[in-house]
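Reproduced below: start20.cif, with mmCIF, C-alpha atoms and all ligand atoms.
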data_query
#
loop_
_atom_site.label_atom_id
_atom_site.label_comp_id
_atom_site.auth_asym_id
_atom_site.auth_seq_id
_atom_site.Cartn_x
_atom_site.Cartn_y
_atom_site.Cartn_z
CA MET A 14 116.40 165.95 216.39
CA SER A 15 115.25 168.87 214.30
CA ASP A 16 111.60 169.58 213.56
CA VAL A 17 112.36 169.91 209.86
CA ILE A 18 110.96 167.65 207.14
CA GLY A 19 112.27 167.96 203.61
CA VAL A 20 110.02 167.20 200.65
CA CYS A 21 111.82 166.61 197.39
CA GLY A 22 109.71 167.11 194.27
CA ALA A 23 106.85 169.62 194.38
CA GLY A 24 104.46 168.02 191.89
CA ALA A 25 101.00 166.65 192.59
CA MET A 26 102.17 164.49 195.49
CA GLY A 27 104.97 166.65 196.89
CA SER A 28 102.67 169.63 197.37
CA GLY A 29 100.11 167.54 199.28
CA ILE A 30 102.81 165.87 201.38
CA ALA A 31 104.27 169.28 202.28
CA GLN A 32 100.79 170.37 203.43
CA VAL A 33 100.42 167.27 205.62
CA CYS A 34 103.82 167.89 207.25
CA ALA A 35 103.05 171.58 207.89
CA ARG A 36 99.68 170.56 209.38
CA GLY A 37 101.63 168.27 211.72
CA ASN A 38 103.56 171.32 213.02
CA PHE A 39 106.82 170.54 211.25
CA GLU A 40 108.95 173.07 209.42
CA VAL A 41 108.87 172.02 205.77
CA ARG A 42 111.47 172.62 203.06
CA LEU A 43 109.83 171.97 199.71
CA TYR A 44 112.40 171.42 196.96
CA ASP A 45 112.07 170.99 193.20
CA VAL A 46 114.45 171.40 190.27
CA ASP A 47 111.85 173.54 188.58
CA ARG A 48 111.32 177.03 190.05
CA GLU A 49 107.84 177.44 188.57
CA THR A 50 106.72 174.11 190.04
CA VAL A 51 107.74 175.04 193.60
CA THR A 52 106.07 178.43 193.34
CA ARG A 53 102.89 176.89 191.94
CA ALA A 54 102.90 174.17 194.63
CA VAL A 55 102.95 176.75 197.43
CA GLU A 56 100.20 178.76 195.70
CA GLN A 57 98.07 175.63 195.43
CA ILE A 58 98.58 174.81 199.10
CA GLY A 59 97.53 178.41 199.93
CA GLN A 60 94.39 178.05 197.80
CA ARG A 61 93.47 174.77 199.47
CA LEU A 62 93.98 176.22 202.94
CA ARG A 63 91.90 179.30 202.09
CA ARG A 64 89.12 177.03 200.87
CA ASP A 65 89.28 175.13 204.18
CA VAL A 66 89.01 178.44 206.06
CA GLU A 67 86.02 179.53 203.93
CA LYS A 68 84.29 176.23 204.61
CA GLY A 69 84.90 176.58 208.35
CA ARG A 70 87.19 173.55 208.50
CA LEU A 71 90.24 175.57 209.54
CA ASP A 72 91.01 178.66 211.58
CA ASP A 73 92.45 181.57 209.55
CA ALA A 74 95.43 182.01 211.90
CA ASP A 75 96.21 178.28 211.73
CA ALA A 76 96.07 178.38 207.93
CA ARG A 77 98.50 181.30 207.85
CA SER A 78 100.98 179.69 210.22
CA MET A 79 100.77 176.40 208.31
CA LEU A 80 101.64 178.17 205.08
CA ALA A 81 104.42 180.11 206.80
CA ARG A 82 105.99 176.80 207.89
CA ILE A 83 106.57 175.80 204.25
CA THR A 84 109.75 177.15 202.66
CA PRO A 85 110.03 176.63 198.91
CA THR A 86 113.55 176.08 197.62
CA GLU A 87 115.55 175.10 194.54
CA ASP A 88 118.62 174.46 196.66
CA LEU A 89 118.98 170.89 197.91
CA ASP A 90 121.33 172.12 200.68
CA ALA A 91 118.27 173.66 202.36
CA LEU A 92 117.19 170.11 203.28
CA SER A 93 120.45 169.28 205.07
CA ASP A 94 119.02 169.75 208.61
CA ALA A 95 115.92 167.64 208.03
CA MET A 96 115.20 164.66 210.32
CA LEU A 97 113.16 163.09 207.51
CA VAL A 98 113.23 163.68 203.77
CA ILE A 99 110.36 162.42 201.66
CA GLU A 100 111.31 162.06 198.02
CA ALA A 101 108.40 162.54 195.56
CA VAL A 102 110.20 163.16 192.27
CA ILE A 103 109.20 161.53 188.98
CA GLU A 104 108.87 157.73 188.93
CA SER A 105 112.33 157.03 187.48
CA MET A 106 114.92 154.77 189.14
CA PRO A 107 118.00 156.75 187.99
CA VAL A 108 116.43 160.07 189.02
CA LYS A 109 115.39 158.74 192.44
CA GLN A 110 118.77 157.11 193.05
CA ASP A 111 120.55 160.31 192.10
CA VAL A 112 118.36 162.40 194.41
CA MET A 113 118.81 159.96 197.32
CA ALA A 114 122.61 159.87 196.89
CA ARG A 115 122.75 163.68 196.85
CA LEU A 116 120.57 163.80 199.97
CA GLU A 117 122.78 161.28 201.77
CA ALA A 118 125.78 163.48 201.05
CA ARG A 119 124.04 166.44 202.71
CA CYS A 120 122.01 165.07 205.63
CA PRO A 121 123.28 163.67 208.95
CA PRO A 122 123.37 159.85 209.33
CA GLU A 123 120.18 159.76 211.44
CA THR A 124 118.04 161.46 208.76
CA ILE A 125 115.52 159.00 207.34
CA LEU A 126 115.44 159.03 203.54
CA ALA A 127 111.94 157.98 202.46
CA SER A 128 110.66 157.43 198.95
CA ASN A 129 107.07 157.92 197.86
CA THR A 130 107.58 155.57 194.91
CA SER A 131 104.45 153.73 193.79
CA THR A 132 106.03 150.88 191.88
CA LEU A 133 109.83 150.96 192.07
CA SER A 134 111.96 148.87 194.41
CA VAL A 135 112.94 150.69 197.61
CA THR A 136 115.79 148.20 197.96
CA GLU A 137 117.15 149.25 194.56
CA ILE A 138 116.67 152.96 195.31
CA GLY A 139 118.60 152.52 198.57
CA SER A 140 121.30 150.34 197.00
CA VAL A 141 123.25 153.42 195.83
CA LEU A 142 123.59 154.72 199.39
CA GLU A 143 126.54 154.18 201.69
CA ASP A 144 123.96 153.36 204.38
CA PRO A 145 120.96 151.68 202.67
CA GLY A 146 119.56 150.96 206.15
CA ARG A 147 118.21 154.54 206.33
CA CYS A 148 116.21 154.24 203.10
CA ILE A 149 112.54 153.23 203.26
CA GLY A 150 109.30 153.59 201.29
CA LEU A 151 106.61 155.94 202.55
CA HIS A 152 103.75 155.71 200.11
CA PHE A 153 101.10 158.42 200.26
CA PHE A 154 97.81 158.41 198.40
CA ASN A 155 96.34 161.01 196.10
CA PRO A 156 95.25 163.64 197.07
CA ALA A 157 97.92 163.47 199.77
CA HIS A 158 96.50 166.40 201.76
CA ARG A 159 93.23 164.48 202.25
CA MET A 160 94.15 160.81 202.40
CA ARG A 161 95.13 159.46 205.81
CA LEU A 162 96.66 156.12 204.81
CA VAL A 163 100.39 155.66 204.29
CA GLU A 164 102.13 152.42 203.39
CA VAL A 165 105.43 152.09 205.25
CA VAL A 166 107.61 149.90 203.04
CA PRO A 167 110.93 148.61 204.37
CA GLY A 168 113.42 147.45 201.72
CA TYR A 169 115.77 144.50 202.14
CA ASP A 170 118.38 146.52 204.06
CA THR A 171 116.11 148.96 205.93
CA ARG A 172 116.86 148.94 209.66
CA ASP A 173 114.08 148.11 212.12
CA ASP A 174 114.65 151.30 214.13
CA VAL A 175 114.02 153.28 210.91
CA VAL A 176 110.75 151.42 210.35
CA GLN A 177 109.65 152.08 213.94
CA ARG A 178 110.61 155.77 213.84
CA LEU A 179 108.75 156.26 210.58
CA ILE A 180 105.62 154.54 211.91
CA GLU A 181 105.71 156.83 214.96
CA LEU A 182 106.36 159.92 212.85
CA SER A 183 103.53 159.09 210.44
CA THR A 184 101.17 158.63 213.36
CA SER A 185 102.25 161.98 214.81
CA LEU A 186 101.36 163.54 211.42
CA GLY A 187 97.79 162.28 211.90
CA LEU A 188 98.27 159.49 209.36
CA THR A 189 97.43 155.80 209.63
CA PRO A 190 100.46 153.71 208.67
CA VAL A 191 100.31 150.11 207.45
CA ARG A 192 103.50 148.10 207.12
CA VAL A 193 103.97 146.41 203.75
CA ASN A 194 107.06 144.36 203.07
CA GLU A 195 108.54 145.39 199.74
CA SER A 196 106.54 144.02 196.88
CA PRO A 197 105.64 145.77 193.59
CA GLY A 198 102.75 148.18 194.07
CA GLY A 199 102.35 147.48 197.79
CA ILE A 200 98.74 146.76 198.74
CA VAL A 201 96.64 149.53 197.25
CA SER A 202 98.34 150.21 193.88
CA ARG A 203 98.63 146.51 193.09
CA LEU A 204 94.88 146.03 193.43
CA GLN A 205 93.84 149.44 192.08
CA LEU A 206 95.90 149.33 188.87
CA LEU A 207 94.36 146.01 187.91
CA VAL A 208 90.84 147.37 188.30
CA ARG A 209 91.54 150.67 186.50
CA ASN A 210 93.13 148.89 183.52
CA GLU A 211 90.19 146.49 183.34
CA ALA A 212 87.77 149.43 183.43
CA ALA A 213 89.61 151.03 180.45
CA ARG A 214 89.39 147.72 178.60
CA MET A 215 85.63 147.68 179.23
CA VAL A 216 85.27 151.18 177.72
CA ALA A 217 87.37 150.19 174.70
CA GLU A 218 85.17 147.09 174.22
CA GLY A 219 82.05 149.28 174.33
CA VAL A 220 80.70 147.57 177.47
CA ALA A 221 79.81 150.89 179.15
CA THR A 222 80.81 154.56 179.25
CA PRO A 223 83.35 155.90 181.77
CA GLU A 224 80.52 157.87 183.42
CA ASP A 225 78.39 154.75 183.90
CA ILE A 226 81.30 152.62 185.12
CA ASP A 227 82.17 155.32 187.67
CA LYS A 228 78.54 155.58 188.74
CA ALA A 229 78.28 151.79 189.06
CA MET A 230 81.40 151.44 191.21
CA LYS A 231 80.39 154.33 193.47
CA LEU A 232 76.81 153.22 194.00
CA GLY A 233 77.32 149.47 193.66
CA SER A 234 80.63 149.06 195.48
CA GLY A 235 80.69 152.09 197.76
CA TRP A 236 83.81 153.58 196.17
CA PRO A 237 84.20 157.31 196.92
CA LEU A 238 85.53 157.82 193.37
CA GLY A 239 85.05 155.71 190.23
CA PRO A 240 88.04 154.16 188.38
CA PHE A 241 88.09 156.90 185.70
CA GLU A 242 87.84 159.70 188.23
CA LEU A 243 90.81 158.03 189.91
CA ILE A 244 92.81 157.72 186.67
CA ASP A 245 92.22 161.42 185.98
CA LEU A 246 93.21 162.31 189.53
CA VAL A 247 96.38 160.20 189.53
CA GLY A 248 97.26 161.33 185.99
CA LEU A 249 97.24 159.26 182.79
CA ASP A 250 101.02 159.71 182.58
CA VAL A 251 101.61 158.32 186.08
CA HIS A 252 99.04 155.54 185.55
CA VAL A 253 100.65 154.29 182.32
CA VAL A 254 104.21 154.36 183.69
CA ASN A 255 103.13 152.64 186.92
CA SER A 256 101.18 149.93 185.10
CA ASP A 257 104.11 149.14 182.82
CA SER A 258 106.46 149.07 185.76
CA LEU A 259 104.22 146.69 187.76
CA SER A 260 103.77 144.50 184.73
CA ASP A 261 107.54 144.17 184.33
CA GLU A 262 108.17 143.66 188.04
CA LEU A 263 105.44 141.06 188.56
CA GLY A 264 106.10 139.40 185.20
CA SER A 265 102.42 139.65 184.36
CA GLU A 266 100.75 141.08 181.28
CA ARG A 267 97.58 141.56 183.36
CA TYR A 268 98.94 144.96 184.36
CA ARG A 269 99.71 146.32 180.87
CA PRO A 270 97.74 149.53 180.25
CA HIS A 271 95.16 149.21 177.47
CA ALA A 272 96.05 150.88 174.10
CA LEU A 273 93.32 153.45 174.78
CA LEU A 274 95.20 154.68 177.87
CA ARG A 275 98.49 154.82 175.99
CA LYS A 276 96.85 156.83 173.19
CA MET A 277 95.33 159.33 175.61
CA TYR A 278 98.69 159.62 177.40
CA ARG A 279 100.52 160.29 174.12
CA ALA A 280 97.90 162.86 173.14
CA GLY A 281 98.70 164.75 176.35
CA HIS A 282 95.30 164.10 177.95
CA HIS A 283 96.78 163.46 181.38
CA GLY A 284 93.65 164.04 183.44
CA ARG A 285 93.12 166.79 186.00
CA LYS A 286 96.67 168.15 185.70
CA SER A 287 96.26 168.84 181.95
CA GLY A 288 92.58 169.83 182.13
CA ARG A 289 91.43 166.81 180.14
CA GLY A 290 91.40 163.05 180.59
CA PHE A 291 88.26 160.93 180.69
CA TYR A 292 86.58 164.13 181.91
CA THR A 293 87.34 167.81 181.31
CA TYR A 294 88.32 170.21 184.11
CA GLU A 295 88.15 173.95 184.31
CA ASP A 296 89.50 174.38 187.85
CA GLY A 297 93.12 173.52 187.02
CA GLY A 298 92.66 170.24 188.86
CA ASN A 299 93.32 171.79 192.26
CA ALA A 300 90.93 169.56 194.19
N1 LIG B 1 100.16 160.75 191.36
C1 LIG B 1 99.80 159.82 192.25
O1 LIG B 1 98.61 159.49 192.40
C2 LIG B 1 100.81 159.16 193.12
C3 LIG B 1 100.41 158.49 194.28
C4 LIG B 1 101.36 157.92 195.12
C5 LIG B 1 102.70 158.00 194.80
N2 LIG B 1 103.07 158.63 193.65
C6 LIG B 1 104.50 158.71 193.35
O2 LIG B 1 104.95 160.00 193.77
C7 LIG B 1 106.03 160.43 192.93
C8 LIG B 1 105.67 161.78 192.32
O3 LIG B 1 104.47 161.66 191.60
P1 LIG B 1 103.64 162.95 191.17
O4 LIG B 1 102.32 162.46 190.70
O5 LIG B 1 103.72 163.99 192.23
O6 LIG B 1 104.50 163.42 189.89
P2 LIG B 1 104.62 164.90 189.27
O7 LIG B 1 105.09 164.69 187.87
O8 LIG B 1 103.39 165.69 189.53
O9 LIG B 1 105.81 165.57 190.14
C9 LIG B 1 107.14 165.15 190.04
C10 LIG B 1 108.04 166.35 190.34
O10 LIG B 1 109.39 165.91 190.41
C11 LIG B 1 110.18 166.99 189.96
N3 LIG B 1 111.52 166.49 189.66
C12 LIG B 1 111.94 165.80 188.61
N4 LIG B 1 113.25 165.51 188.74
C13 LIG B 1 113.64 166.05 189.92
C14 LIG B 1 114.86 166.08 190.63
N5 LIG B 1 115.96 165.51 190.15
N6 LIG B 1 114.89 166.72 191.82
C15 LIG B 1 113.77 167.31 192.32
N7 LIG B 1 112.59 167.30 191.69
C16 LIG B 1 112.53 166.68 190.51
C17 LIG B 1 109.43 167.54 188.76
O11 LIG B 1 109.84 168.87 188.48
C18 LIG B 1 107.99 167.44 189.27
O12 LIG B 1 107.58 168.66 189.87
C19 LIG B 1 106.25 159.30 191.92
O13 LIG B 1 107.23 158.44 192.41
C20 LIG B 1 104.89 158.61 191.89
O14 LIG B 1 104.97 157.26 191.48
C21 LIG B 1 102.17 159.24 192.81
#
Turn the structure described in the file into structure tokens.
Ligand SMILES: NC(=O)c1ccc[n+]([C@@H]2O[C@H](COP(=O)([O-])OP(=O)(O)OC[C@H]3O[C@@H](n4cnc5c(N)ncnc54)[C@H](O)[C@@H]3O)[C@@H](O)[C@H]2O)c1
Amino acid sequence: MSDVIGVCGAGAMGSGIAQVCARGNFEVRLYDVDRETVTRAVEQIGQRLRRDVEKGRLDDADARSMLARITPTEDLDALSDAMLVIEAVIESMPVKQDVMARLEARCPPETILASNTSTLSVTEIGSVLEDPGRCIGLHFFNPAHRMRLVEVVPGYDTRDDVVQRLIELSTSLGLTPVRVNESPGGIVSRLQLLVRNEAARMVAEGVATPEDIDKAMKLGSGWPLGPFELIDLVGLDVHVVNSDSLSDELGSERYRPHALLRKMYRAGHHGRKSGRGFYTYEDGGNA
């Protein structure tokens, strides 16, 4: 088995996942269709590592070798010797299926093809593969370079040995895996989306400001971040798409994003990544 992990999609999640894999001593191939995105992702990882060094959380030599283990690429063939590929492209079934099929054509049969999807069906993603047994969900949390939880989500056809190998691999990356049988939104997103949408409804109804709701949930419920800080971190675009998707999948209008969220999304106020959401950001959102 190689010590190579491929990460497909170098956006908010892909860049954090690449950092986690490099921290776990794996060689990482970070792929995106967009050249600028891959370059920016590696720069952001470098900035985060330098900040860790400055704060005394990381040795300078370790930071340098971690960064050196990440190879940015726009060529999917570069992932062909990976033992695990983690797909973190946009939340679109046709795009994910296309990426997975192209990966299957390039990687050996034992390579695990994992999807970081938040709301889509892993079974459906894997259904386009000749061997759907190798396809599985591996759901990271934002920011991926800080959060230790991963949901390991077997689809209908995922083989047990793939589940076991992925649980072991996640543990070796310093993560804490929980197994969640496929169900829309898994554990965390299913509960979180409901609360975030309700919080937006409360703002729209004039019950309280985003600042006060965040303060209340942090001090009254012990949350590390309030619901609006979380929406800004996840991205209004991702939040709206995920809520709609969960609503459709669960057949429940409870998950529909409030009109306020849709308006902000259409206005391009996507949170940290765009510099403005419920709050404004001057640091480019590189938390
Ligand atoms: N943002 C979150 O909080 C969060 C948390 C957990 C899981 N997820 C899931 O992770 C995935 C990525 O989310 P994100 O927030 O990083 O999105 P993002 O928009 O920041 O990044 C997506 C990346 O995919 C790239 N891409 C698009 N089509 C591609 C293709 N065919 N091949 C390769 N790359 C392609 C885009 O260029 C972009 O860089 C989604 O499935 C999302 O649901 C997101």
Collect all residues with atoms no farther than 9 Å from ligand LIG 1 (chain B), counting all atoms listed in the file, and output them as an MDAnalysis selection string.
-> chainID A and resid 21:29 44:51 54 87 89 100:105 108:109 111:112 128:133 151:157 202 243:244 246:248 250:252 254:255 286
Nearest to Val201 of chain A, chosen from A:Asp144, A:Asp227, A:Glu164, A:Glu117, with all atoms listed in the file counted in the distances | A:Glu164
Give as a ChimeraX atom specification each residue that has an atom at most 12 Å from (94.9, 155.0, 184.3) in the file, counting only C-alpha atoms.
-> /A:202,205-214,223,239-257,268-278,282-284,290-291
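Comparing the minimum interatomic distances between Ile125 of chain A and each of A:Leu162, A:Val141, A:Ile58, A:Val175, counting only C-alpha atoms, we find that A:Val175 sits nearest.
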Ser196 of chain A surroundings by only C-alpha atoms, 10 Å radius, close-in-sequence under 3 positions cut, as a compact mmCIF listing (two decimals) with C-alpha atoms, keeping the file's coordinate frame:
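Once written, selection_9.txt looks like this:
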# COMPACT_ATOMS: atom_id res chain seq x y z
CA THR A 132 106.03 150.88 191.88
CA LEU A 133 109.83 150.96 192.07
CA SER A 134 111.96 148.87 194.41
CA VAL A 135 112.94 150.69 197.61
CA VAL A 166 107.61 149.90 203.04
CA PRO A 167 110.93 148.61 204.37
CA GLY A 168 113.42 147.45 201.72
CA VAL A 193 103.97 146.41 203.75
CA GLY A 199 102.35 147.48 197.79
CA ILE A 200 98.74 146.76 198.74
CA ARG A 203 98.63 146.51 193.09
CA LEU A 259 104.22 146.69 187.76
CA GLU A 262 108.17 143.66 188.04
CA LEU A 263 105.44 141.06 188.56
Considering only C-alpha atoms, state which residue in the set A:Arg36, A:Arg192, A:Arg147, A:Arg267 is at the smallest distance from Met79 of chain A.
->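 Using only C-alpha atoms, Met79 of chain A sits closest to A:Arg36.
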Find, counting all atoms listed in the file, the residue in A:Ile99, A:Met160, A:Leu116, A:Ile149 that gets nearest to Gln177 of chain A.
-> A:Ile149
In Å to one decimal, how far is atom CA of Met96 of chain A from atom CA of Leu126 of chain A?
->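 Atom-to-atom, atom CA of Leu126 of chain A and atom CA of Met96 of chain A are spaced 8.8 Å apart.
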Which of these residues is nearest to Val20 of chain A, using only C-alpha atoms: A:Arg53, A:Gly69, A:Leu97, A:Ala76?
-> A:Leu97
Interatomic distance (Å, one decimal) between atom CA of Thr52 of chain A and atom CA of Ser183 of chain A |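 Atom-to-atom, atom CA of Thr52 of chain A and atom CA of Ser183 of chain A are spaced 25.9 Å apart.
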With a distance cut-off of 12 Å and all atoms listed in the file, select the neighbouring residues of Ser78 of chain A, excluding the residue or stretch itself and same-chain residues fewer than 2 positions from it, and output the selection as number ranges by chain.
-> A: 32, 35-41, 59, 62, 71-76, 80-84
Give me the residues within 9 Å of Pro121 of chain A as a list in words, counting all atoms listed in the file and dropping any in the same chain fewer than 2 places off.
-> Ser93, Asp94, Ala95, Met96, Glu117, Ala118, Arg119, Glu123 and Thr124 of chain A
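Taking atom CA of Leu92 of chain A and atom CA of Thr184 of chain A as endpoints, the distance between them is 22.1 Å.
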